[in-house]
$ cat structure.csv   # CSV, C-alpha atoms and all ligand atoms
chain,number,residue,atom,x,y,z
K,3,MET,CA,0.0,0.0,0.0
K,4,GLY,CA,1.6,3.3,-1.2
K,5,ALA,CA,-0.9,6.1,-0.6
K,6,ARG,CA,-0.8,8.4,2.4
K,7,LEU,CA,-4.1,8.1,4.2
K,8,LEU,CA,-5.7,11.5,4.8
K,9,ASP,CA,-7.2,11.3,8.3
K,10,GLY,CA,-10.6,13.0,8.2
K,11,LEU,CA,-11.1,12.5,12.0
K,12,ALA,CA,-7.9,14.4,12.8
K,13,VAL,CA,-8.6,17.2,10.4
K,14,ALA,CA,-12.2,17.5,11.7
K,15,ALA,CA,-11.0,17.6,15.3
K,16,THR,CA,-8.7,20.5,14.3
K,17,ILE,CA,-11.5,22.4,12.6
K,18,ARG,CA,-13.8,21.9,15.7
K,19,GLU,CA,-11.0,23.1,18.0
K,20,SER,CA,-10.6,26.2,15.8
K,21,VAL,CA,-14.4,26.9,16.1
K,22,MET,CA,-14.4,26.7,19.9
K,23,PRO,CA,-13.0,30.2,20.7
K,24,ARG,CA,-15.6,31.6,18.3
K,25,VAL,CA,-18.4,29.7,20.0
K,26,GLN,CA,-17.2,31.0,23.4
K,27,ALA,CA,-16.9,34.6,22.2
K,28,PHE,CA,-20.3,34.5,20.6
K,29,THR,CA,-21.9,33.0,23.7
K,30,ALA,CA,-20.3,35.7,25.9
K,31,ARG,CA,-21.4,38.5,23.7
K,32,ALA,CA,-24.9,37.3,22.8
K,33,GLY,CA,-25.8,35.7,26.2
K,34,ARG,CA,-26.7,32.5,24.4
K,35,PRO,CA,-24.8,29.9,22.3
K,36,PRO,CA,-25.1,29.7,18.5
K,37,GLY,CA,-28.3,27.7,17.8
K,38,LEU,CA,-28.9,25.1,15.2
K,39,GLY,CA,-32.3,23.7,14.4
K,40,ILE,CA,-32.3,20.3,12.8
K,41,VAL,CA,-35.5,18.8,11.2
K,42,LEU,CA,-35.7,15.1,10.7
K,43,VAL,CA,-38.8,13.7,8.8
K,44,GLY,CA,-39.6,10.0,9.0
K,45,ASP,CA,-37.3,7.2,10.3
K,46,ASN,CA,-34.7,6.5,7.6
K,47,PRO,CA,-32.0,4.7,9.5
K,48,ALA,CA,-29.1,6.4,7.7
K,49,SER,CA,-30.6,9.8,8.4
K,50,GLU,CA,-31.1,8.9,12.0
K,51,LEU,CA,-27.4,8.1,12.2
K,52,TYR,CA,-26.2,11.3,10.5
K,53,VAL,CA,-28.5,13.4,12.6
K,54,SER,CA,-27.4,11.9,15.9
K,55,SER,CA,-23.8,12.5,14.9
K,56,LYS,CA,-24.6,16.1,14.2
K,57,VAL,CA,-26.5,16.6,17.4
K,58,LYS,CA,-23.7,15.1,19.4
K,59,ALA,CA,-20.9,17.0,17.7
K,60,GLY,CA,-22.9,20.3,18.1
K,61,GLY,CA,-23.4,19.7,21.8
K,62,GLU,CA,-19.7,18.9,22.3
K,63,SER,CA,-18.7,22.1,20.6
K,64,GLY,CA,-21.0,24.2,22.9
K,65,LEU,CA,-23.7,24.9,20.4
K,66,ARG,CA,-27.4,24.7,21.2
K,67,VAL,CA,-28.8,22.0,18.9
K,68,ASP,CA,-32.6,21.4,18.8
K,69,LEU,CA,-33.8,18.3,16.9
K,70,GLN,CA,-37.4,18.5,15.7
K,71,ARG,CA,-39.0,15.4,14.4
K,72,LEU,CA,-41.9,15.0,12.1
K,73,PRO,CA,-43.5,11.6,11.3
K,74,ALA,CA,-43.0,10.0,7.8
K,75,THR,CA,-46.7,10.8,7.2
K,76,ALA,CA,-46.1,14.6,7.7
K,77,THR,CA,-47.2,16.8,4.8
K,78,LEU,CA,-44.9,19.2,2.9
K,79,ASP,CA,-47.0,22.1,4.4
K,80,GLU,CA,-46.4,20.9,7.9
K,81,LEU,CA,-42.7,20.8,7.2
K,82,LEU,CA,-42.7,24.3,5.6
K,83,ARG,CA,-44.5,25.6,8.7
K,84,LEU,CA,-41.8,24.2,10.9
K,85,VAL,CA,-39.1,25.8,8.7
K,86,ASP,CA,-41.0,29.1,8.9
K,87,ALA,CA,-41.0,28.9,12.7
K,88,LEU,CA,-37.2,28.3,12.7
K,89,ASN,CA,-36.7,31.1,10.2
K,90,ARG,CA,-38.4,33.5,12.7
K,91,SER,CA,-36.8,32.1,15.8
K,92,ASP,CA,-34.3,34.3,17.6
K,93,GLN,CA,-32.6,31.3,19.2
K,94,HIS,CA,-31.7,29.6,15.9
K,95,ASP,CA,-28.9,30.8,13.7
K,96,GLY,CA,-28.8,27.7,11.5
K,97,ILE,CA,-31.4,25.4,10.0
K,98,LEU,CA,-30.8,22.0,8.5
K,99,VAL,CA,-33.5,19.8,7.1
K,100,GLN,CA,-32.1,16.3,6.7
K,101,ASP,CA,-32.3,14.9,3.2
K,102,PRO,CA,-33.8,12.7,1.8
K,103,LEU,CA,-37.4,13.5,2.6
K,104,PRO,CA,-40.0,10.7,2.5
K,105,GLU,CA,-41.0,10.0,-1.1
K,106,ALA,CA,-44.7,10.6,-0.2
K,107,MET,CA,-43.9,14.4,0.1
K,108,GLY,CA,-43.6,14.4,-3.6
K,109,LYS,CA,-41.0,15.2,-6.3
K,110,GLY,CA,-39.3,18.5,-5.8
K,111,ALA,CA,-40.1,18.6,-2.0
K,112,SER,CA,-36.5,18.9,-1.0
K,113,GLN,CA,-35.9,21.9,-3.3
K,114,ARG,CA,-39.0,23.6,-2.0
K,115,VAL,CA,-37.9,23.2,1.5
K,116,PHE,CA,-34.3,24.4,0.8
K,117,ASP,CA,-35.8,27.4,-1.0
K,118,ALA,CA,-37.9,28.2,2.1
K,119,ILE,CA,-34.9,28.3,4.5
K,120,ASP,CA,-33.8,31.9,5.3
K,121,PRO,CA,-30.5,32.2,3.3
K,122,ALA,CA,-28.9,33.8,6.4
K,123,LYS,CA,-29.6,30.5,8.3
K,124,ASP,CA,-28.9,28.1,5.4
K,125,VAL,CA,-25.9,26.2,7.0
K,126,ASP,CA,-26.1,23.5,4.3
K,127,GLY,CA,-25.5,26.2,1.6
K,128,PHE,CA,-28.3,24.7,-0.6
K,129,HIS,CA,-30.4,27.9,-1.0
K,130,PRO,CA,-30.3,29.3,-4.5
K,131,ILE,CA,-29.0,32.7,-3.2
K,132,ASN,CA,-26.1,31.0,-1.5
K,133,VAL,CA,-25.4,28.8,-4.5
K,134,GLY,CA,-25.4,31.9,-6.7
K,135,LYS,CA,-23.0,33.7,-4.3
K,136,LEU,CA,-20.8,30.6,-4.4
K,137,VAL,CA,-20.6,30.9,-8.2
K,138,GLN,CA,-19.5,34.5,-7.8
K,139,GLN,CA,-17.0,33.6,-5.1
K,140,ARG,CA,-18.7,35.7,-2.3
K,141,ALA,CA,-20.6,33.1,-0.3
K,142,HIS,CA,-20.1,32.8,3.4
K,143,LEU,CA,-22.3,29.7,3.7
K,144,VAL,CA,-21.1,26.9,1.4
K,145,ALA,CA,-22.2,23.3,1.2
K,146,CYS,CA,-20.4,21.4,4.0
K,147,THR,CA,-19.1,18.3,2.2
K,148,PRO,CA,-17.2,20.1,-0.6
K,149,SER,CA,-15.9,22.9,1.7
K,150,GLY,CA,-14.7,20.1,4.1
K,151,VAL,CA,-12.8,18.6,1.2
K,152,ILE,CA,-11.0,21.9,0.5
K,153,GLU,CA,-10.1,22.1,4.3
K,154,MET,CA,-8.8,18.6,4.1
K,155,LEU,CA,-6.6,19.4,1.1
K,156,ASP,CA,-5.3,22.6,2.7
K,157,ARG,CA,-4.6,21.1,6.1
K,158,SER,CA,-2.9,18.1,4.5
K,159,GLY,CA,-0.5,20.4,2.5
K,160,ILE,CA,-1.9,19.4,-0.9
K,161,ALA,CA,-1.6,22.2,-3.4
K,162,ILE,CA,-4.6,23.1,-5.6
K,163,GLU,CA,-3.6,26.0,-7.7
K,164,GLY,CA,-2.7,25.2,-11.2
K,165,ARG,CA,-3.4,21.5,-10.8
K,166,ARG,CA,-5.7,19.3,-12.9
K,167,ALA,CA,-8.8,18.4,-10.8
K,168,VAL,CA,-11.5,15.9,-11.9
K,169,VAL,CA,-14.8,15.7,-10.1
K,170,ILE,CA,-16.9,12.6,-10.8
K,171,GLY,CA,-20.5,13.5,-10.0
K,172,ARG,CA,-22.6,16.7,-10.7
K,173,SER,CA,-25.1,16.8,-7.9
K,174,ASP,CA,-26.1,20.2,-6.4
K,175,ILE,CA,-24.9,19.2,-3.0
K,176,VAL,CA,-21.5,17.7,-3.8
K,177,GLY,CA,-20.2,17.6,-7.4
K,178,LYS,CA,-21.2,21.1,-8.6
K,179,PRO,CA,-20.1,23.1,-5.5
K,180,MET,CA,-17.0,20.9,-5.3
K,181,ALA,CA,-16.0,21.8,-8.8
K,182,MET,CA,-16.7,25.5,-8.1
K,183,LEU,CA,-14.6,25.6,-5.0
K,184,LEU,CA,-11.7,23.9,-6.8
K,185,LEU,CA,-12.1,26.4,-9.7
K,186,HIS,CA,-12.0,29.3,-7.2
K,187,ARG,CA,-8.7,27.9,-5.9
K,188,SER,CA,-7.3,28.1,-9.5
K,189,ALA,CA,-7.4,24.4,-10.3
K,190,THR,CA,-8.3,23.4,-13.9
K,191,VAL,CA,-11.5,21.5,-13.3
K,192,THR,CA,-13.3,18.8,-15.3
K,193,ILE,CA,-16.8,17.7,-14.1
K,194,CYS,CA,-17.7,14.1,-15.1
K,195,HIS,CA,-21.0,12.4,-14.8
K,196,SER,CA,-23.0,9.3,-15.9
K,197,LYS,CA,-23.0,10.3,-19.5
K,198,THR,CA,-19.2,11.1,-19.7
K,199,ARG,CA,-17.3,9.2,-22.3
K,200,ASP,CA,-13.9,7.8,-21.6
K,201,LEU,CA,-14.4,8.5,-17.9
K,202,ALA,CA,-11.4,6.4,-16.7
K,203,ALA,CA,-9.0,8.1,-19.1
K,204,LEU,CA,-10.3,11.6,-18.1
K,205,ALA,CA,-10.0,10.8,-14.4
K,206,ALA,CA,-6.5,9.5,-15.0
K,207,GLU,CA,-5.4,13.0,-16.0
K,208,ALA,CA,-6.2,14.4,-12.5
K,209,ASP,CA,-3.7,15.5,-9.9
K,210,ILE,CA,-6.8,15.7,-7.6
K,211,LEU,CA,-9.6,13.2,-8.2
K,212,VAL,CA,-12.9,13.6,-6.3
K,213,ALA,CA,-15.2,10.6,-6.5
K,214,ALA,CA,-18.8,11.6,-5.6
K,215,LEU,CA,-21.0,9.3,-7.6
K,216,GLY,CA,-22.5,6.9,-5.0
K,217,ARG,CA,-21.2,3.6,-6.7
K,218,PRO,CA,-19.3,1.2,-4.4
K,219,GLY,CA,-15.7,0.7,-5.4
K,220,PHE,CA,-16.4,2.1,-8.9
K,221,VAL,CA,-13.1,4.1,-9.2
K,222,THR,CA,-10.4,1.4,-9.8
K,223,ARG,CA,-6.7,1.9,-10.5
K,224,THR,CA,-7.2,2.6,-14.2
K,225,PHE,CA,-8.9,5.9,-13.1
K,226,VAL,CA,-5.9,7.1,-11.2
K,227,LYS,CA,-2.6,8.7,-12.2
K,228,PRO,CA,0.2,7.4,-10.1
K,229,GLY,CA,0.8,9.8,-7.2
K,230,ALA,CA,-2.6,11.6,-7.5
K,231,THR,CA,-4.6,12.7,-4.5
K,232,VAL,CA,-7.9,10.8,-4.4
K,233,ILE,CA,-10.8,12.1,-2.4
K,234,ASP,CA,-13.5,9.5,-1.8
K,235,VAL,CA,-16.8,11.2,-0.9
K,236,GLY,CA,-19.0,8.1,-1.5
K,237,ILE,CA,-20.9,6.5,1.4
K,238,ASN,CA,-22.5,3.3,0.2
K,239,ARG,CA,-24.1,0.6,2.3
K,240,VAL,CA,-23.2,-2.8,0.9
K,241,THR,CA,-25.2,-5.9,1.8
K,242,ASP,CA,-24.3,-8.0,-1.2
K,243,GLU,CA,-21.9,-10.7,0.0
K,244,ALA,CA,-19.9,-11.1,-3.3
K,245,LEU,CA,-19.4,-7.3,-3.6
K,246,ALA,CA,-18.4,-7.0,0.0
K,247,ARG,CA,-15.9,-9.9,-0.3
K,248,SER,CA,-14.4,-8.4,-3.5
K,249,LEU,CA,-14.1,-4.9,-2.0
K,250,LEU,CA,-12.9,-6.0,1.5
K,251,ALA,CA,-10.6,-8.9,0.6
K,252,GLY,CA,-7.7,-8.9,3.0
K,253,SER,CA,-9.2,-6.2,5.2
K,254,PRO,CA,-10.2,-6.7,8.9
K,255,ARG,CA,-13.5,-5.0,7.9
K,256,LEU,CA,-14.6,-8.2,6.2
K,257,ALA,CA,-15.1,-9.7,9.6
K,258,VAL,CA,-17.3,-6.8,10.5
K,259,PHE,CA,-19.4,-7.4,7.3
K,260,GLU,CA,-19.7,-11.1,8.2
K,261,ARG,CA,-21.0,-10.2,11.7
K,262,ARG,CA,-23.4,-7.4,10.6
K,263,ARG,CA,-24.2,-8.5,7.0
K,264,SER,CA,-23.8,-4.9,6.0
K,265,ILE,CA,-21.0,-2.4,5.7
K,266,VAL,CA,-20.3,1.1,4.4
K,267,VAL,CA,-17.8,1.5,1.6
K,268,GLY,CA,-16.7,4.4,-0.6
K,269,ASP,CA,-16.8,5.0,-4.3
K,270,VAL,CA,-13.0,4.2,-4.6
K,271,HIS,CA,-11.8,0.6,-4.9
K,272,PRO,CA,-9.2,-0.3,-2.2
K,273,GLU,CA,-6.7,-1.2,-4.9
K,274,VAL,CA,-6.3,2.5,-5.6
K,275,ALA,CA,-4.3,2.8,-2.4
K,276,GLU,CA,-1.4,1.0,-4.3
K,277,ILE,CA,-1.2,3.8,-6.9
K,278,ALA,CA,-2.5,7.0,-5.4
K,279,GLY,CA,-0.2,9.5,-3.6
K,280,ALA,CA,-2.8,10.3,-1.0
K,281,LEU,CA,-6.3,8.9,-0.3
K,282,THR,CA,-9.2,9.5,2.0
K,283,PRO,CA,-10.5,6.4,3.7
K,284,VAL,CA,-14.2,5.4,4.1
K,285,PRO,CA,-15.2,5.7,6.9
K,286,GLY,CA,-13.0,8.3,8.6
K,287,GLY,CA,-12.3,10.5,5.6
K,288,VAL,CA,-14.7,13.1,4.2
K,289,GLY,CA,-17.7,12.2,6.5
K,290,PRO,CA,-16.3,13.7,9.7
K,291,LEU,CA,-15.3,16.9,7.8
K,292,THR,CA,-18.9,17.4,6.7
K,293,ILE,CA,-20.0,17.6,10.3
K,294,ALA,CA,-17.2,19.9,11.3
K,295,MET,CA,-18.1,22.3,8.5
K,296,LEU,CA,-21.7,22.3,9.6
K,297,LEU,CA,-20.6,23.5,13.1
K,298,LYS,CA,-18.3,26.1,11.5
K,299,ASN,CA,-21.2,27.3,9.2
K,300,THR,CA,-23.5,27.6,12.2
K,301,VAL,CA,-21.1,29.8,14.1
K,302,THR,CA,-20.5,31.8,10.9
K,303,ALA,CA,-24.2,32.3,10.5
K,304,ALA,CA,-24.6,33.3,14.2
K,305,GLU,CA,-21.8,35.9,14.0
K,306,ALA,CA,-23.2,37.3,10.8
K,307,ARG,CA,-26.7,37.6,12.2
K,308,LYS,CA,-25.5,39.2,15.4
K,309,SER,CA,-23.4,41.8,13.6
K,310,GLY,CA,-26.3,42.4,11.2
K,311,LYS,CA,-24.2,41.5,8.1
K,401,LIG,P1,-26.3,11.9,-6.4
K,401,LIG,O1,-26.9,10.5,-6.7
K,401,LIG,O2,-27.2,13.1,-6.3
K,401,LIG,O3,-25.3,12.2,-7.7
K,401,LIG,C1,-24.5,11.3,-8.2
K,401,LIG,C2,-23.7,11.8,-9.4
K,401,LIG,O4,-22.8,10.8,-9.8
K,401,LIG,C3,-24.7,12.2,-10.5
K,401,LIG,O5,-24.3,13.5,-10.9
K,401,LIG,C4,-24.3,11.2,-11.6
K,401,LIG,O6,-24.3,11.8,-12.9
K,401,LIG,C5,-23.0,10.7,-11.2
K,401,LIG,N1,-22.8,9.3,-11.6
K,401,LIG,C6,-23.7,8.3,-11.2
K,401,LIG,N2,-23.3,7.1,-11.8
K,401,LIG,C7,-22.2,7.4,-12.5
K,401,LIG,C8,-21.3,6.6,-13.3
K,401,LIG,N3,-21.5,5.3,-13.5
K,401,LIG,N4,-20.3,7.3,-13.9
K,401,LIG,C9,-20.1,8.6,-13.7
K,401,LIG,N5,-20.9,9.4,-13.0
K,401,LIG,C10,-21.9,8.8,-12.4
K,401,LIG,O7,-25.3,11.7,-5.2
K,401,LIG,P2,-24.7,12.8,-4.2
K,401,LIG,O8,-25.7,13.3,-3.3
K,401,LIG,O9,-23.8,13.7,-5.0
K,401,LIG,O10,-23.7,11.8,-3.4
K,401,LIG,C11,-22.7,11.1,-4.0
K,401,LIG,C12,-22.1,10.1,-3.0
K,401,LIG,O11,-21.5,10.9,-1.9
K,401,LIG,C13,-23.1,9.2,-2.3
K,401,LIG,O12,-22.4,8.0,-2.0
K,401,LIG,C14,-23.4,9.9,-1.0
K,401,LIG,O13,-23.8,9.0,0.0
K,401,LIG,C15,-22.1,10.5,-0.7
K,401,LIG,N6,-22.1,11.7,0.2
K,401,LIG,C16,-21.2,11.7,1.2
K,401,LIG,C17,-21.2,12.8,2.0
K,401,LIG,C18,-20.2,12.8,3.1
K,401,LIG,O14,-20.4,13.5,4.1
K,401,LIG,N7,-19.1,12.1,3.0
K,401,LIG,C19,-22.1,13.8,1.9
K,401,LIG,C20,-23.0,13.8,0.8
K,401,LIG,C21,-23.0,12.7,0.0

$ encode --input "structure.csv" --output "structure tokens" --more "lines below"
Ligand code: NAD
Amino acid sequence: MGARLLDGLAVAATIRESVMPRVQAFTARAGRPPGLGIVLVGDNPASELYVSSKVKAGGESGLRVDLQRLPATATLDELLRLVDALNRSDQHDGILVQDPLPEAMGKGASQRVFDAIDPAKDVDGFHPINVGKLVQQRAHLVACTPSGVIEMLDRSGIAIEGRRAVVIGRSDIVGKPMAMLLLHRSATVTICHSKTRDLAALAAEADILVAALGRPGFVTRTFVKPGATVIDVGINRVTDEALARSLLAGSPRLAVFERRRSIVVGDVHPEVAEIAGALTPVPGGVGPLTIAMLLKNTVTAAEARKSGK
């Protein structure tokens, strides 16, 4: 195994430490901690897990985190009323509605909800105003996962300027903002997607390759230039035995799969570790950074609201 493993837990801990003095200063000045309202609709097990990590991390960093739950049968109107109440709350500086919403809420429900969140409290950075500001390089609330990736690169001493970056995935929450942030740091960026031709050859031109497509182990060694930095954003739960065996061969995590019959893997095949220069593991890579950036965004939103910016 050649690649340097980029430790997301360690970088996330550093980000969270750097946020602490800001939380303390805000709390002293405002007479209350920065407040984050999280809304969870339904009982999706993955969402439960993400939300409980966010609540725990927020509490540990001195934030006030209020989790509001709605049943899977809730209507879009009920959810929008809750968002409206959080928009008007003095105690909440950030609002996060956990995605995905139950399918019964209808197509386009997530977008309607993101559009309804006060842009000043939009700690996920999904509101069109914040997305527009990102494009113009003047956003102060940017989507947590891609901004976490930039922090990871910076804090790991990986240069971005002038380098070739390839992002696989063009979603609004990861791929597109990721590409924009890399562009703003003066990388030469290519965005690839499910219709891209010669994907492996394009990816293999990258000095920095970001895999955000949601396909377990899809990115194999043929996608990677020797020595490249590979960022694995994927979080895929695998229950298929043959797939788990092929992706986890020789890893102690195979025993975990055998016990639980389910395991989380990234979009990058483990064989990439033999050829990449640096690689983020799954778990323990990008995931913890996303949470750290959520806390950072909440404090940023609180400070901006307090100073009337
Ligand atoms: P998405 O399904 O919205 O988008 C996937 C993108 O990948 C699409 O743009 C699609 O064009 C592209 N794609 C799909 N199949 C492809 C293929 N065969 N070849 C090339 N491109 C292909 O997913 P998303 O919300 O952007 O998430 C992507 C992955 O990142 C998922 O595994 C998700 O769980 C994970 N994720 C992780 C974090 C984190 O904190 N680490 C945060 C958000 C998402």

$ residues_near_ligand --input "structure.csv" --ligand "ligand LIG 401 (chain K)" --cutoff "7 Å" --atoms "all atoms listed in the file" --output "ChimeraX atom specification"
/K:147,170-173,175-177,194-198,214-217,235-238,268-269,288-290,292

$ closest_residue --input "structure.csv" --among "K:Val151, K:Leu204, K:Ala118, K:Leu296" --to "Ala181 of chain K" --atoms "only C-alpha atoms"
K:Val151

$ residues_around --input "structure.csv" --residues "Val212 of chain K" --least-positions-apart "5" --cutoff "7 Å" --atoms "only C-alpha atoms" --output "PyMOL selection string"
chain K and resi 168-170+232-234

$ atom_distance --input "structure.csv" --atom1 "atom CA of Asp79 of chain K" --atom2 "atom CA of Lys308 of chain K"
29.6 Å

$ closest_residue --input "structure.csv" --among "K:Arg166, K:Arg24, K:His142, K:Arg307" --to "Lys227 of chain K" --atoms "all atoms listed in the file"
K:Arg166

$ closest_residue --input "structure.csv" --among "K:Lys109, K:Ala167, K:Asp174, K:Gly44" --to "Pro73 of chain K" --atoms "all atoms listed in the file"
K:Gly44

$ residues_around --input "structure.csv" --residues "Val115 of chain K" --least-positions-apart "2" --cutoff "10 Å" --atoms "only C-alpha atoms" --output "list of chain:residue names"
K:Leu78, K:Asp79, K:Leu81, K:Leu82, K:Val85, K:Asp86, K:Val99, K:Leu103, K:Gly110, K:Ala111, K:Ser112, K:Gln113, K:Asp117, K:Ala118, K:Ile119, K:Phe128, K:His129

$ closest_residue --input "structure.csv" --among "K:Leu143, K:Met22, K:Ala280, K:Ile265" --to "Ile210 of chain K" --atoms "only C-alpha atoms"
K:Ala280

$ atom_distance --input "structure.csv" --atom1 "atom CA of Val43 of chain K" --atom2 "atom CA of Arg18 of chain K"
27.2 Å

$ residues_around --input "structure.csv" --residues "Gly279 of chain K" --least-positions-apart "6" --cutoff "7 Å" --atoms "all atoms listed in the file" --output "JSON, numbers by chain"
{"K": [4, 5, 6, 228, 229, 230, 231]}

$ atom_distance --input "structure.csv" --atom1 "atom CA of Gln93 of chain K" --atom2 "atom CA of Glu80 of chain K"
20.6 Å

$ closest_residue --input "structure.csv" --among "K:Ile162, K:Ile152, K:Ala206, K:Leu98" --to "Asp120 of chain K" --atoms "only C-alpha atoms"
K:Leu98

$ residues_around --input "structure.csv" --residues "Pro23 of chain K" --least-positions-apart "4" --cutoff "12 Å" --atoms "all atoms listed in the file" --output "tab-separated table (two decimals) with C-alpha atoms, keeping the file's coordinate frame"
chain	number	residue	atom	x	y	z
K	17	ILE	CA	-11.50	22.40	12.60
K	18	ARG	CA	-13.80	21.90	15.70
K	19	GLU	CA	-11.00	23.10	18.00
K	27	ALA	CA	-16.90	34.60	22.20
K	28	PHE	CA	-20.30	34.50	20.60
K	29	THR	CA	-21.90	33.00	23.70
K	30	ALA	CA	-20.30	35.70	25.90
K	35	PRO	CA	-24.80	29.90	22.30
K	63	SER	CA	-18.70	22.10	20.60
K	64	GLY	CA	-21.00	24.20	22.90
K	65	LEU	CA	-23.70	24.90	20.40
K	298	LYS	CA	-18.30	26.10	11.50
K	301	VAL	CA	-21.10	29.80	14.10

$ closest_residue --input "structure.csv" --among "K:Glu305, K:Arg247, K:Met182, K:Ser54" --to "Gln26 of chain K" --atoms "only C-alpha atoms"
K:Glu305

$ residues_around --input "structure.csv" --residues "Gly219 of chain K" --least-positions-apart "4" --cutoff "8 Å" --atoms "all atoms listed in the file" --output "short mmCIF file (atom, residue, chain, number, x, y, z; two decimals) with C-alpha atoms, in the frame of the given file"
data_model
loop_
_atom_site.label_atom_id
_atom_site.label_comp_id
_atom_site.auth_asym_id
_atom_site.auth_seq_id
_atom_site.Cartn_x
_atom_site.Cartn_y
_atom_site.Cartn_z
CA LEU K 249 -14.10 -4.90 -2.00
CA VAL K 267 -17.80 1.50 1.60
CA GLY K 268 -16.70 4.40 -0.60
CA ASP K 269 -16.80 5.00 -4.30
CA VAL K 270 -13.00 4.20 -4.60
CA HIS K 271 -11.80 0.60 -4.90
CA PRO K 272 -9.20 -0.30 -2.20
#

$ residues_near_point --input "structure.csv" --point "(-13.9, 25.9, -6.4)" --cutoff "10 Å" --atoms "all atoms listed in the file" --output "number ranges by chain"
K: 136-137, 139, 148-149, 152, 162, 178-191

$ build_atoms --input "structure.csv" --residues "segment 50-62 of chain K" --atoms "N, CA, C and O atoms" --output "short mmCIF file (atom, residue, chain, number, x, y, z; two decimals), in the frame of the given file"
data_model
loop_
_atom_site.label_atom_id
_atom_site.label_comp_id
_atom_site.auth_asym_id
_atom_site.auth_seq_id
_atom_site.Cartn_x
_atom_site.Cartn_y
_atom_site.Cartn_z
N GLU K 50 -31.13 8.90 10.56
CA GLU K 50 -31.10 8.90 12.00
C GLU K 50 -29.63 8.95 12.51
O GLU K 50 -29.29 9.68 13.43
N LEU K 51 -28.78 8.15 11.83
CA LEU K 51 -27.40 8.10 12.20
C LEU K 51 -26.66 9.42 11.96
O LEU K 51 -25.95 9.93 12.83
N TYR K 52 -26.89 10.00 10.78
CA TYR K 52 -26.20 11.30 10.50
C TYR K 52 -26.69 12.35 11.45
O TYR K 52 -25.89 13.12 11.96
N VAL K 53 -28.01 12.37 11.73
CA VAL K 53 -28.50 13.40 12.60
C VAL K 53 -28.00 13.26 14.01
O VAL K 53 -27.62 14.24 14.65
N SER K 54 -27.92 12.02 14.49
CA SER K 54 -27.40 11.90 15.90
C SER K 54 -25.96 12.28 15.96
O SER K 54 -25.54 12.87 16.96
N SER K 55 -25.17 12.04 14.90
CA SER K 55 -23.80 12.50 14.90
C SER K 55 -23.73 14.05 14.94
O SER K 55 -22.88 14.63 15.63
N LYS K 56 -24.63 14.68 14.22
CA LYS K 56 -24.60 16.10 14.20
C LYS K 56 -25.04 16.74 15.51
O LYS K 56 -24.46 17.71 15.99
N VAL K 57 -26.06 16.12 16.14
CA VAL K 57 -26.50 16.60 17.40
C VAL K 57 -25.40 16.47 18.47
O VAL K 57 -25.12 17.39 19.24
N LYS K 58 -24.74 15.32 18.45
CA LYS K 58 -23.70 15.10 19.40
C LYS K 58 -22.50 16.03 19.22
O LYS K 58 -22.03 16.67 20.17
N ALA K 59 -22.06 16.16 17.97
CA ALA K 59 -20.90 17.00 17.70
C ALA K 59 -21.24 18.49 18.05
O ALA K 59 -20.40 19.20 18.60
N GLY K 60 -22.47 18.92 17.76
CA GLY K 60 -22.90 20.30 18.10
C GLY K 60 -22.83 20.52 19.59
O GLY K 60 -22.28 21.52 20.06
N GLY K 61 -23.36 19.58 20.35
CA GLY K 61 -23.40 19.70 21.80
C GLY K 61 -21.95 19.75 22.36
O GLY K 61 -21.63 20.59 23.22
N GLU K 62 -21.07 18.91 21.81
CA GLU K 62 -19.70 18.90 22.30
C GLU K 62 -18.95 20.18 21.99
O GLU K 62 -18.00 20.53 22.68
#
